[in-house]
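Colleague: entry.cif is reproduced in full below (mmCIF, C-alpha atoms (C1' of nucleotides) and all ligand atoms).
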```
data_input
loop_
_atom_site.label_atom_id
_atom_site.label_comp_id
_atom_site.auth_asym_id
_atom_site.auth_seq_id
_atom_site.Cartn_x
_atom_site.Cartn_y
_atom_site.Cartn_z
CA MET I 1 -2.51 -28.66 -20.18
CA GLN I 2 -0.34 -27.76 -23.13
CA ASN I 3 -2.27 -24.54 -23.29
CA LEU I 4 -0.52 -23.27 -20.19
CA GLU I 5 2.92 -23.97 -21.58
CA LYS I 6 1.99 -22.20 -24.78
CA ILE I 7 0.94 -19.11 -22.90
CA LEU I 8 4.22 -19.00 -21.05
CA ALA I 9 6.35 -19.79 -24.09
CA HIS I 10 4.58 -17.14 -26.11
CA ASN I 11 5.57 -14.58 -23.49
CA HIS I 12 9.13 -15.80 -23.10
CA ILE I 13 8.65 -17.29 -19.67
CA LYS I 14 10.26 -20.61 -18.97
CA PRO I 15 7.59 -23.10 -17.95
CA THR I 16 8.70 -24.30 -14.57
CA ALA I 17 6.40 -26.45 -12.46
CA MET I 18 5.53 -23.68 -10.09
CA ARG I 19 4.83 -21.19 -12.83
CA LEU I 20 2.46 -23.57 -14.55
CA LEU I 21 0.60 -24.15 -11.31
CA VAL I 22 0.33 -20.45 -10.54
CA LEU I 23 -0.83 -19.71 -14.07
CA GLN I 24 -3.47 -22.40 -13.77
CA PHE I 25 -4.58 -20.90 -10.48
CA LEU I 26 -4.87 -17.43 -12.03
CA LEU I 27 -6.83 -18.79 -14.96
CA ASN I 28 -9.33 -20.54 -12.73
CA LYS I 29 -9.92 -17.53 -10.51
CA LYS I 30 -12.35 -14.99 -11.80
CA VAL I 31 -11.18 -12.45 -9.23
CA ALA I 32 -7.91 -10.72 -8.58
CA ILE I 33 -5.64 -12.64 -6.23
CA SER I 34 -3.02 -11.64 -3.72
CA LEU I 35 0.34 -13.20 -2.93
CA THR I 36 -1.18 -14.51 0.27
CA ASP I 37 -4.02 -16.12 -1.67
CA VAL I 38 -1.52 -18.03 -3.77
CA GLU I 39 0.55 -18.85 -0.74
CA ASN I 40 -2.44 -20.31 1.06
CA TYR I 41 -3.46 -22.36 -1.93
CA PHE I 42 -0.04 -23.92 -2.47
CA ASP I 43 0.82 -24.25 1.15
CA GLN I 44 3.90 -26.38 0.61
CA SER I 45 5.58 -23.79 -1.56
CA ASP I 46 7.79 -20.86 -0.74
CA ARG I 47 6.42 -17.35 -0.54
CA THR I 48 9.39 -15.76 -2.25
CA THR I 49 9.12 -18.04 -5.25
CA LEU I 50 5.46 -17.23 -5.59
CA TYR I 51 6.22 -13.55 -5.14
CA ARG I 52 8.78 -13.66 -7.91
CA THR I 53 6.54 -15.78 -10.10
CA LEU I 54 3.75 -13.23 -9.91
CA ASN I 55 6.14 -10.40 -10.63
CA THR I 56 7.63 -12.26 -13.56
CA PHE I 57 4.16 -12.62 -15.00
CA VAL I 58 3.67 -8.87 -14.69
CA ALA I 59 7.09 -8.04 -16.12
CA LYS I 60 6.47 -10.31 -19.10
CA GLY I 61 3.05 -8.86 -19.68
CA ILE I 62 0.67 -11.73 -19.06
CA SER I 63 -0.81 -10.23 -15.91
CA HIS I 64 -1.16 -6.88 -14.24
CA LYS I 65 -0.82 -5.62 -10.72
CA ILE I 66 -3.86 -4.13 -9.07
CA ASP I 67 -3.78 -1.59 -6.30
CA ASP I 68 -7.30 -1.70 -4.93
CA GLY I 69 -6.57 0.50 -1.95
CA THR I 70 -6.58 -2.29 0.60
CA GLY I 71 -2.82 -2.16 0.89
CA ILE I 72 -2.57 -5.66 -0.50
CA THR I 73 -1.32 -5.95 -4.05
CA LYS I 74 -3.52 -8.08 -6.25
CA TYR I 75 -2.80 -9.75 -9.56
CA ALA I 76 -4.98 -10.72 -12.49
CA LEU I 77 -4.32 -12.11 -15.94
CA CYS I 78 -4.48 -9.62 -18.76
CA GLU I 79 -7.01 -9.93 -21.51
CA GLU I 80 -6.08 -11.17 -24.93
CA ASN I 81 -3.95 -8.61 -26.77
CA CYS I 82 -3.55 -6.42 -23.72
CA HIS I 83 -0.44 -4.32 -23.49
CA CYS I 84 -1.45 -2.45 -20.36
CA GLU I 85 -1.44 0.77 -22.31
CA ILE I 86 -2.98 3.86 -20.82
CA ASN I 87 -5.47 4.66 -23.52
CA THR I 88 -6.55 1.23 -24.60
CA ASP I 89 -6.13 -1.36 -21.89
CA LEU I 90 -6.55 0.24 -18.50
CA HIS I 91 -9.87 -0.61 -16.92
CA LEU I 92 -11.87 -0.11 -13.79
CA HIS I 93 -11.27 -2.26 -10.73
CA PHE I 94 -13.99 -2.91 -8.22
CA HIS I 95 -13.39 -3.85 -4.61
CA CYS I 96 -16.27 -5.26 -2.61
CA THR I 97 -16.17 -4.15 0.98
CA ASN I 98 -18.40 -7.05 1.96
CA CYS I 99 -16.74 -10.13 0.49
CA ASN I 100 -13.40 -8.38 0.18
CA GLU I 101 -12.91 -9.50 -3.40
CA THR I 102 -11.53 -7.37 -6.19
CA VAL I 103 -12.52 -7.83 -9.80
CA CYS I 104 -11.47 -6.42 -13.14
CA ILE I 105 -14.30 -4.62 -14.89
CA THR I 106 -12.58 -4.92 -18.23
CA ASP I 107 -15.61 -3.65 -20.10
CA TYR I 108 -15.21 -0.32 -18.38
CA LYS I 109 -12.13 1.20 -19.95
CA ILE I 110 -10.77 4.27 -18.22
CA PRO I 111 -11.69 7.32 -20.28
CA GLN I 112 -9.11 9.87 -21.25
CA ILE I 113 -8.59 12.42 -18.53
CA HIS I 114 -8.04 16.06 -19.29
CA LEU I 115 -5.47 17.34 -16.86
CA PRO I 116 -4.55 20.96 -16.21
CA LYS I 117 -1.89 22.48 -18.44
CA GLY I 118 1.57 21.05 -18.05
CA TYR I 119 0.61 17.72 -16.54
CA ILE I 120 1.49 14.54 -18.39
CA ALA I 121 -0.40 11.33 -17.66
CA GLU I 122 1.54 8.10 -17.75
CA ASN I 123 -0.71 5.85 -15.79
CA VAL I 124 -4.18 5.88 -14.30
CA ASN I 125 -5.72 3.92 -11.48
CA LEU I 126 -9.47 3.88 -11.04
CA VAL I 127 -10.93 1.88 -8.19
CA VAL I 128 -14.53 1.78 -7.07
CA LYS I 129 -15.38 0.40 -3.66
CA GLY I 130 -18.80 -0.83 -2.69
CA ILE I 131 -20.98 -3.91 -2.89
CA CYS I 132 -20.47 -6.41 -5.69
CA ASP I 133 -23.25 -8.06 -7.64
CA LYS I 134 -22.96 -11.35 -5.78
CA CYS I 135 -23.18 -9.78 -2.34
CA ASN I 136 -25.97 -7.49 -3.49
CA CYS I 137 -28.21 -10.35 -4.62
CA LYS I 138 -28.16 -12.08 -1.27
CA MET R 1 -3.53 33.00 14.12
CA GLN R 2 -7.00 32.95 15.54
CA ASN R 3 -8.10 31.61 12.21
CA LEU R 4 -6.62 28.23 12.98
CA GLU R 5 -8.46 27.96 16.26
CA LYS R 6 -11.68 28.88 14.56
CA ILE R 7 -11.26 26.13 12.01
CA LEU R 8 -10.70 23.57 14.72
CA ALA R 9 -13.49 24.83 16.95
CA HIS R 10 -15.89 24.87 14.06
CA ASN R 11 -15.17 21.19 13.51
CA HIS R 12 -15.34 20.23 17.18
CA ILE R 13 -11.63 19.62 17.55
CA LYS R 14 -9.96 20.85 20.68
CA PRO R 15 -7.17 23.24 19.73
CA THR R 16 -4.11 21.74 21.29
CA ALA R 17 -0.70 23.13 20.50
CA MET R 18 0.26 20.26 18.25
CA ARG R 19 -3.01 20.32 16.36
CA LEU R 20 -2.62 24.00 15.64
CA LEU R 21 0.88 23.45 14.36
CA VAL R 22 -0.12 20.55 12.15
CA LEU R 23 -3.07 22.48 10.79
CA GLN R 24 -0.80 25.39 9.99
CA PHE R 25 1.56 23.02 8.24
CA LEU R 26 -1.26 21.55 6.16
CA LEU R 27 -2.51 25.01 5.23
CA ASN R 28 0.90 26.12 4.05
CA LYS R 29 1.52 23.06 1.94
CA LYS R 30 -0.03 23.05 -1.47
CA VAL R 31 0.61 19.32 -1.83
CA ALA R 32 -0.61 16.27 0.00
CA ILE R 33 1.59 15.31 2.92
CA SER R 34 2.44 12.05 4.60
CA LEU R 35 2.85 11.21 8.25
CA THR R 36 6.58 11.04 7.68
CA ASP R 37 6.54 14.52 6.15
CA VAL R 38 4.96 15.93 9.27
CA GLU R 39 7.26 13.92 11.45
CA ASN R 40 10.32 15.27 9.69
CA TYR R 41 9.08 18.82 9.92
CA PHE R 42 8.35 18.69 13.65
CA ASP R 43 11.31 16.56 14.53
CA GLN R 44 10.96 16.97 18.24
CA SER R 45 7.45 15.62 18.30
CA ASP R 46 6.09 12.13 18.62
CA ARG R 47 5.07 10.11 15.60
CA THR R 48 2.00 8.63 17.24
CA THR R 49 0.64 12.00 18.25
CA LEU R 50 1.04 13.26 14.73
CA TYR R 51 -0.55 10.10 13.38
CA ARG R 52 -3.55 10.56 15.62
CA THR R 53 -3.73 14.24 14.87
CA LEU R 54 -3.95 13.58 11.16
CA ASN R 55 -6.58 10.92 11.69
CA THR R 56 -8.58 13.17 13.96
CA PHE R 57 -8.62 15.77 11.20
CA VAL R 58 -9.96 13.17 8.81
CA ALA R 59 -12.54 11.86 11.27
CA LYS R 60 -13.79 15.36 11.96
CA GLY R 61 -13.95 16.18 8.29
CA ILE R 62 -11.39 18.91 7.81
CA SER R 63 -9.04 16.77 5.75
CA HIS R 64 -9.10 13.64 3.65
CA LYS R 65 -6.84 10.66 3.25
CA ILE R 66 -5.28 10.07 -0.12
CA ASP R 67 -4.16 6.73 -1.44
CA ASP R 68 -1.93 7.64 -4.34
CA GLY R 69 -0.68 4.13 -4.93
CA THR R 70 2.75 4.69 -3.48
CA GLY R 71 1.83 2.73 -0.37
CA ILE R 72 2.22 5.85 1.72
CA THR R 73 -0.98 7.45 2.98
CA LYS R 74 -1.18 11.16 2.27
CA TYR R 75 -3.37 13.85 3.78
CA ALA R 76 -4.73 17.10 2.48
CA LEU R 77 -7.17 19.69 3.78
CA CYS R 78 -10.63 19.54 2.36
CA GLU R 79 -12.07 22.41 0.38
CA GLU R 80 -14.64 24.72 1.84
CA ASN R 81 -17.98 22.95 2.27
CA CYS R 82 -16.54 19.57 1.44
CA HIS R 83 -18.26 16.55 2.93
CA CYS R 84 -16.20 13.96 1.05
CA GLU R 85 -19.32 12.74 -0.66
CA ILE R 86 -19.04 10.46 -3.62
CA ASN R 87 -20.97 12.51 -6.14
CA THR R 88 -19.97 16.00 -5.20
CA ASP R 89 -16.62 16.16 -3.46
CA LEU R 90 -14.38 13.37 -4.70
CA HIS R 91 -11.72 14.61 -7.05
CA LEU R 92 -8.74 13.46 -9.01
CA HIS R 93 -5.35 13.04 -7.37
CA PHE R 94 -2.15 13.35 -9.31
CA HIS R 95 1.12 11.76 -8.31
CA CYS R 96 4.30 12.96 -10.00
CA THR R 97 6.77 10.16 -10.51
CA ASN R 98 9.58 12.67 -10.83
CA CYS R 99 9.30 14.89 -7.76
CA ASN R 100 7.24 12.30 -5.91
CA GLU R 101 4.62 14.82 -4.88
CA THR R 102 0.89 14.24 -4.84
CA VAL R 103 -1.63 16.99 -5.42
CA CYS R 104 -5.38 17.36 -5.29
CA ILE R 105 -6.85 18.33 -8.62
CA THR R 106 -10.02 19.59 -6.99
CA ASP R 107 -11.29 21.09 -10.22
CA TYR R 108 -11.52 17.64 -11.69
CA LYS R 109 -14.42 16.02 -9.91
CA ILE R 110 -14.78 12.30 -10.43
CA PRO R 111 -17.65 11.69 -12.84
CA GLN R 112 -20.40 9.25 -12.06
CA ILE R 113 -19.42 5.74 -13.04
CA HIS R 114 -21.90 3.35 -14.57
CA LEU R 115 -21.18 -0.06 -13.14
CA PRO R 116 -22.56 -3.38 -14.36
CA LYS R 117 -25.91 -4.48 -12.95
CA GLY R 118 -25.92 -5.29 -9.27
CA TYR R 119 -22.85 -3.32 -8.27
CA ILE R 120 -23.22 -0.50 -5.78
CA ALA R 121 -20.58 2.24 -5.61
CA GLU R 122 -19.76 3.65 -2.20
CA ASN R 123 -16.40 5.21 -2.88
CA VAL R 124 -14.17 5.98 -5.80
CA ASN R 125 -10.45 6.55 -6.06
CA LEU R 126 -8.98 8.05 -9.18
CA VAL R 127 -5.24 8.58 -9.34
CA VAL R 128 -3.20 9.68 -12.32
CA LYS R 129 0.54 9.18 -12.30
CA GLY R 130 2.93 11.06 -14.51
CA ILE R 131 4.84 14.32 -14.67
CA CYS R 132 3.51 17.37 -12.90
CA ASP R 133 3.46 20.86 -14.33
CA LYS R 134 6.44 22.02 -12.30
CA CYS R 135 8.65 19.13 -13.34
CA ASN R 136 7.47 19.42 -16.92
CA CYS R 137 8.51 23.07 -17.24
CA LYS R 138 12.10 22.39 -16.27
"C1'" DT O 1 -9.60 21.67 44.62
"C1'" DG O 2 -10.66 17.13 42.98
"C1'" DC O 3 -12.73 14.23 39.45
"C1'" DC O 4 -13.27 12.86 34.83
"C1'" DT O 5 -12.33 13.04 30.09
"C1'" DT O 6 -9.06 13.70 26.60
"C1'" DA O 7 -4.49 14.08 24.59
"C1'" DT O 8 0.17 12.67 24.57
"C1'" DG O 9 4.52 9.83 24.67
"C1'" DC O 10 6.81 5.61 24.60
"C1'" DA O 11 7.14 1.01 23.32
"C1'" DA O 12 5.93 -2.68 20.86
"C1'" DC O 13 3.47 -5.27 17.27
"C1'" DG O 14 1.94 -6.80 12.61
"C1'" DG O 15 1.51 -7.18 7.78
"C1'" DA O 16 3.40 -6.93 3.53
"C1'" DA O 17 7.01 -5.86 0.16
"C1'" DG O 18 11.46 -6.58 -0.93
"C1'" DT O 19 16.63 -8.30 -0.81
"C1'" DG O 20 20.98 -11.25 -0.22
"C1'" DC O 21 22.84 -15.31 -0.75
"C1'" DA O 22 23.55 -20.16 -0.91
"C1'" DT O 23 21.57 -24.15 -3.24
"C1'" DT O 24 19.39 -26.57 -6.90
"C1'" DA O 25 17.82 -27.09 -11.58
"C1'" DT O 26 18.24 -26.17 -16.41
"C1'" DT O 27 20.34 -24.75 -20.50
"C1'" DT O 28 24.34 -24.13 -23.53
"C1'" DG O 29 28.92 -24.83 -25.52
"C1'" DC O 30 32.22 -28.17 -26.39
"C1'" DG T 1 27.79 -36.79 -22.36
"C1'" DC T 2 30.25 -33.41 -19.56
"C1'" DA T 3 31.46 -29.06 -17.67
"C1'" DA T 4 30.50 -24.36 -17.33
"C1'" DA T 5 27.21 -20.81 -17.33
"C1'" DT T 6 22.73 -19.19 -16.51
"C1'" DA T 7 18.31 -19.16 -14.31
"C1'" DA T 8 15.07 -20.49 -10.65
"C1'" DT T 9 14.24 -21.67 -5.98
"C1'" DG T 10 14.29 -21.67 -0.79
"C1'" DC T 11 15.48 -19.70 3.45
"C1'" DA T 12 16.56 -15.97 6.35
"C1'" DC T 13 16.43 -11.51 7.16
"C1'" DT T 14 15.36 -6.55 6.62
"C1'" DT T 15 12.72 -2.43 6.05
"C1'" DC T 16 8.90 0.38 6.02
"C1'" DC T 17 4.59 1.96 7.44
"C1'" DG T 18 0.42 1.70 9.92
"C1'" DT T 19 -1.53 0.64 14.20
"C1'" DT T 20 -2.38 -0.42 19.13
"C1'" DG T 21 -1.73 -0.80 24.41
"C1'" DC T 22 -0.82 1.37 28.23
"C1'" DA T 23 0.94 4.60 31.46
"C1'" DT T 24 1.34 9.53 32.15
"C1'" DA T 25 0.17 14.43 31.52
"C1'" DA T 26 -3.07 17.99 30.55
"C1'" DG T 27 -7.35 20.24 30.52
"C1'" DG T 28 -12.34 21.12 31.48
"C1'" DC T 29 -16.01 21.13 34.75
"C1'" DA T 30 -18.50 20.83 39.15
MN MN H 201 -7.61 -5.64 -14.06
MN MN H 202 -7.62 15.57 -2.45
ZN ZN H 203 -18.82 -8.92 -2.66
ZN ZN H 204 6.71 16.70 -10.14
#
```
Would you give me this structure, written as structure tokens?
Ligand SMILES: [Mn+2]
Ligand SMILES: [Mn+2]
Ligand SMILES: [Zn+2]
Ligand SMILES: [Zn+2]
Modeller:
Amino acid sequence: MQNLEKILAHNHIKPTAMRLLVLQFLLNKKVAISLTDVENYFDQSDRTTLYRTLNTFVAKGISHKIDDGTGITKYALCEENCHCEINTDLHLHFHCTNCNETVCITDYKIPQIHLPKGYIAENVNLVVKGICDKCNCK
Amino acid sequence: MQNLEKILAHNHIKPTAMRLLVLQFLLNKKVAISLTDVENYFDQSDRTTLYRTLNTFVAKGISHKIDDGTGITKYALCEENCHCEINTDLHLHFHCTNCNETVCITDYKIPQIHLPKGYIAENVNLVVKGICDKCNCK
DNA sequence: TGCCTTATGCAACGGAAGTGCATTATTTGC
DNA sequence: GCAAATAATGCACTTCCGTTGCATAAGGCA
């Protein structure tokens, strides 16, 4: 897929084989994925390379880290034109305690929070835990 | 302080020496504390005992765990009449990236969140990172 | 006092993030 | 095209924190 290479090139990431594969994997998944998820999927590859690949994607701005409270860092591709900015791009994350999956609820942008005097907000993390729509319908 | 023993007794926690000391420590601190914080303060005591003490306090409902995104679990005493319920007791937590302290902003209760169809919320975690009032005034 | 429940102390484990460094691949200058 | 420089990869190892198992000590109750 030339599309993949374009995405990487556009974000100044050199398109190595592994990076293309990981990007493809992220694109296909509709849920947030962990390093272990990637590691299990590409079981011939090295964990450190995958670790650094995911972090490169975050550093270059094509994906964002998600702390869903499980203690396992998750990753998901950013939306088009996302800059991970506090007032425009940050969104709710939902973690299902049944299927253990975490999803971006990008439609739910985090509202501005009015802190007490003197506090300055630089980042916000909003995570809801519960039952996801799939698990709920069963 | 008989007060300490009353708090424990009222919550069905046997008032051992260590528990009284830890409770005192929590009461004095205005910020959320980690297991390591307690461990450093009582440096003659055992880490596991402190760990279980903190978790007993949570289980019995006198304090709550805080996941501030640093990867280090914090603890803070609950307010009066708190039952850690999603719609009435959950509040904002603020983590200062300068002094590395985490505080409960109990005045800021987490508003009800309207999820997409099918999702059921059981718990919410809202953490703001930035500069706290103390660090900001310097 | 003696029994039973609970708390404590010590040791060890496990998962996950992160780092150092040698090796391999790729780009760049000539 | 070739050599040097730069970047990516693979392997080993570390660190940090949370957690558990188990033996011992302490405390409550009959
Ligand atoms: Mn997201
Ligand atoms: Mn709190
Ligand atoms: Zn689910
Ligand atoms: Zn501060």
Colleague: After fitting chain R to chain I over all Cα atoms matched in order, what RMSD is left?
Modeller: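 Result of the CA superposition: 0.1 Å.
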Colleague: Select, from I:Tyr51, I:Phe57, I:Tyr108, I:Phe94, the residue with the minimum atom-to-atom distance to chain O, counting all atoms listed in the file.
Modeller: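 Going through I:Tyr51, I:Phe57, I:Tyr108, I:Phe94 one by one, the smallest distance to chain O is for I:Tyr51.
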Colleague: Kindly work out which residues sit at most 8 Å from ligand ZN 203 (chain H), using only C-alpha atoms (C1' of nucleotides) and all ligand atoms, and give the list as an mmCIF file with C-alpha atoms, keeping the file's coordinate frame.
Modeller:
```
data_model
loop_
_atom_site.group_PDB
_atom_site.id
_atom_site.type_symbol
_atom_site.label_atom_id
_atom_site.label_comp_id
_atom_site.auth_asym_id
_atom_site.auth_seq_id
_atom_site.Cartn_x
_atom_site.Cartn_y
_atom_site.Cartn_z
ATOM 1 C CA HIS I 95 -13.390 -3.850 -4.610
ATOM 2 C CA CYS I 96 -16.270 -5.260 -2.610
ATOM 3 C CA THR I 97 -16.170 -4.150 0.980
ATOM 4 C CA ASN I 98 -18.400 -7.050 1.960
ATOM 5 C CA CYS I 99 -16.740 -10.130 0.490
ATOM 6 C CA ASN I 100 -13.400 -8.380 0.180
ATOM 7 C CA GLU I 101 -12.910 -9.500 -3.400
ATOM 8 C CA ILE I 131 -20.980 -3.910 -2.890
ATOM 9 C CA CYS I 132 -20.470 -6.410 -5.690
ATOM 10 C CA ASP I 133 -23.250 -8.060 -7.640
ATOM 11 C CA LYS I 134 -22.960 -11.350 -5.780
ATOM 12 C CA CYS I 135 -23.180 -9.780 -2.340
ATOM 13 C CA ASN I 136 -25.970 -7.490 -3.490
#
```
Colleague: Give the residue list for ligand MN 201 (chain H) at 9 Å, counting all atoms listed in the file, as a list in words, sorted by chain and then by residue number.
Modeller: Ala32, Ser63, His64, Lys65, Ile66, Tyr75, Ala76, Leu77, Cys78, Glu79, Leu90, His91, Leu92, His93, Thr102, Val103, Cys104, Ile105 and Thr106 of chain I
Colleague: Using all atoms listed in the file, which of R:Leu8, R:Phe25, R:His114, R:Val31 sits nearest ligand ZN 204 (chain H)?
Modeller: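 Once distances to ligand ZN 204 (chain H) are computed over all atoms listed in the file, the minimum belongs to R:Val31.
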Colleague: So what do you get for CA of Arg47 in chain I versus CA of Gly71 in chain I, distance-wise?
Modeller: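 One can read the CA of Arg47 in chain I to CA of Gly71 in chain I distance as 17.8 Å.
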Colleague: To one decimal place, how far is CA of Leu23 in chain I from CA of Leu50 in chain I in Å?
Modeller: 10.8 Å
Colleague: Mind listing as a ChimeraX atom specification which residues of chain I are within 12 Å of chain O, counting all atoms listed in the file?
Modeller: /I:14-17,34-36,47-48,51-52,55,70-73
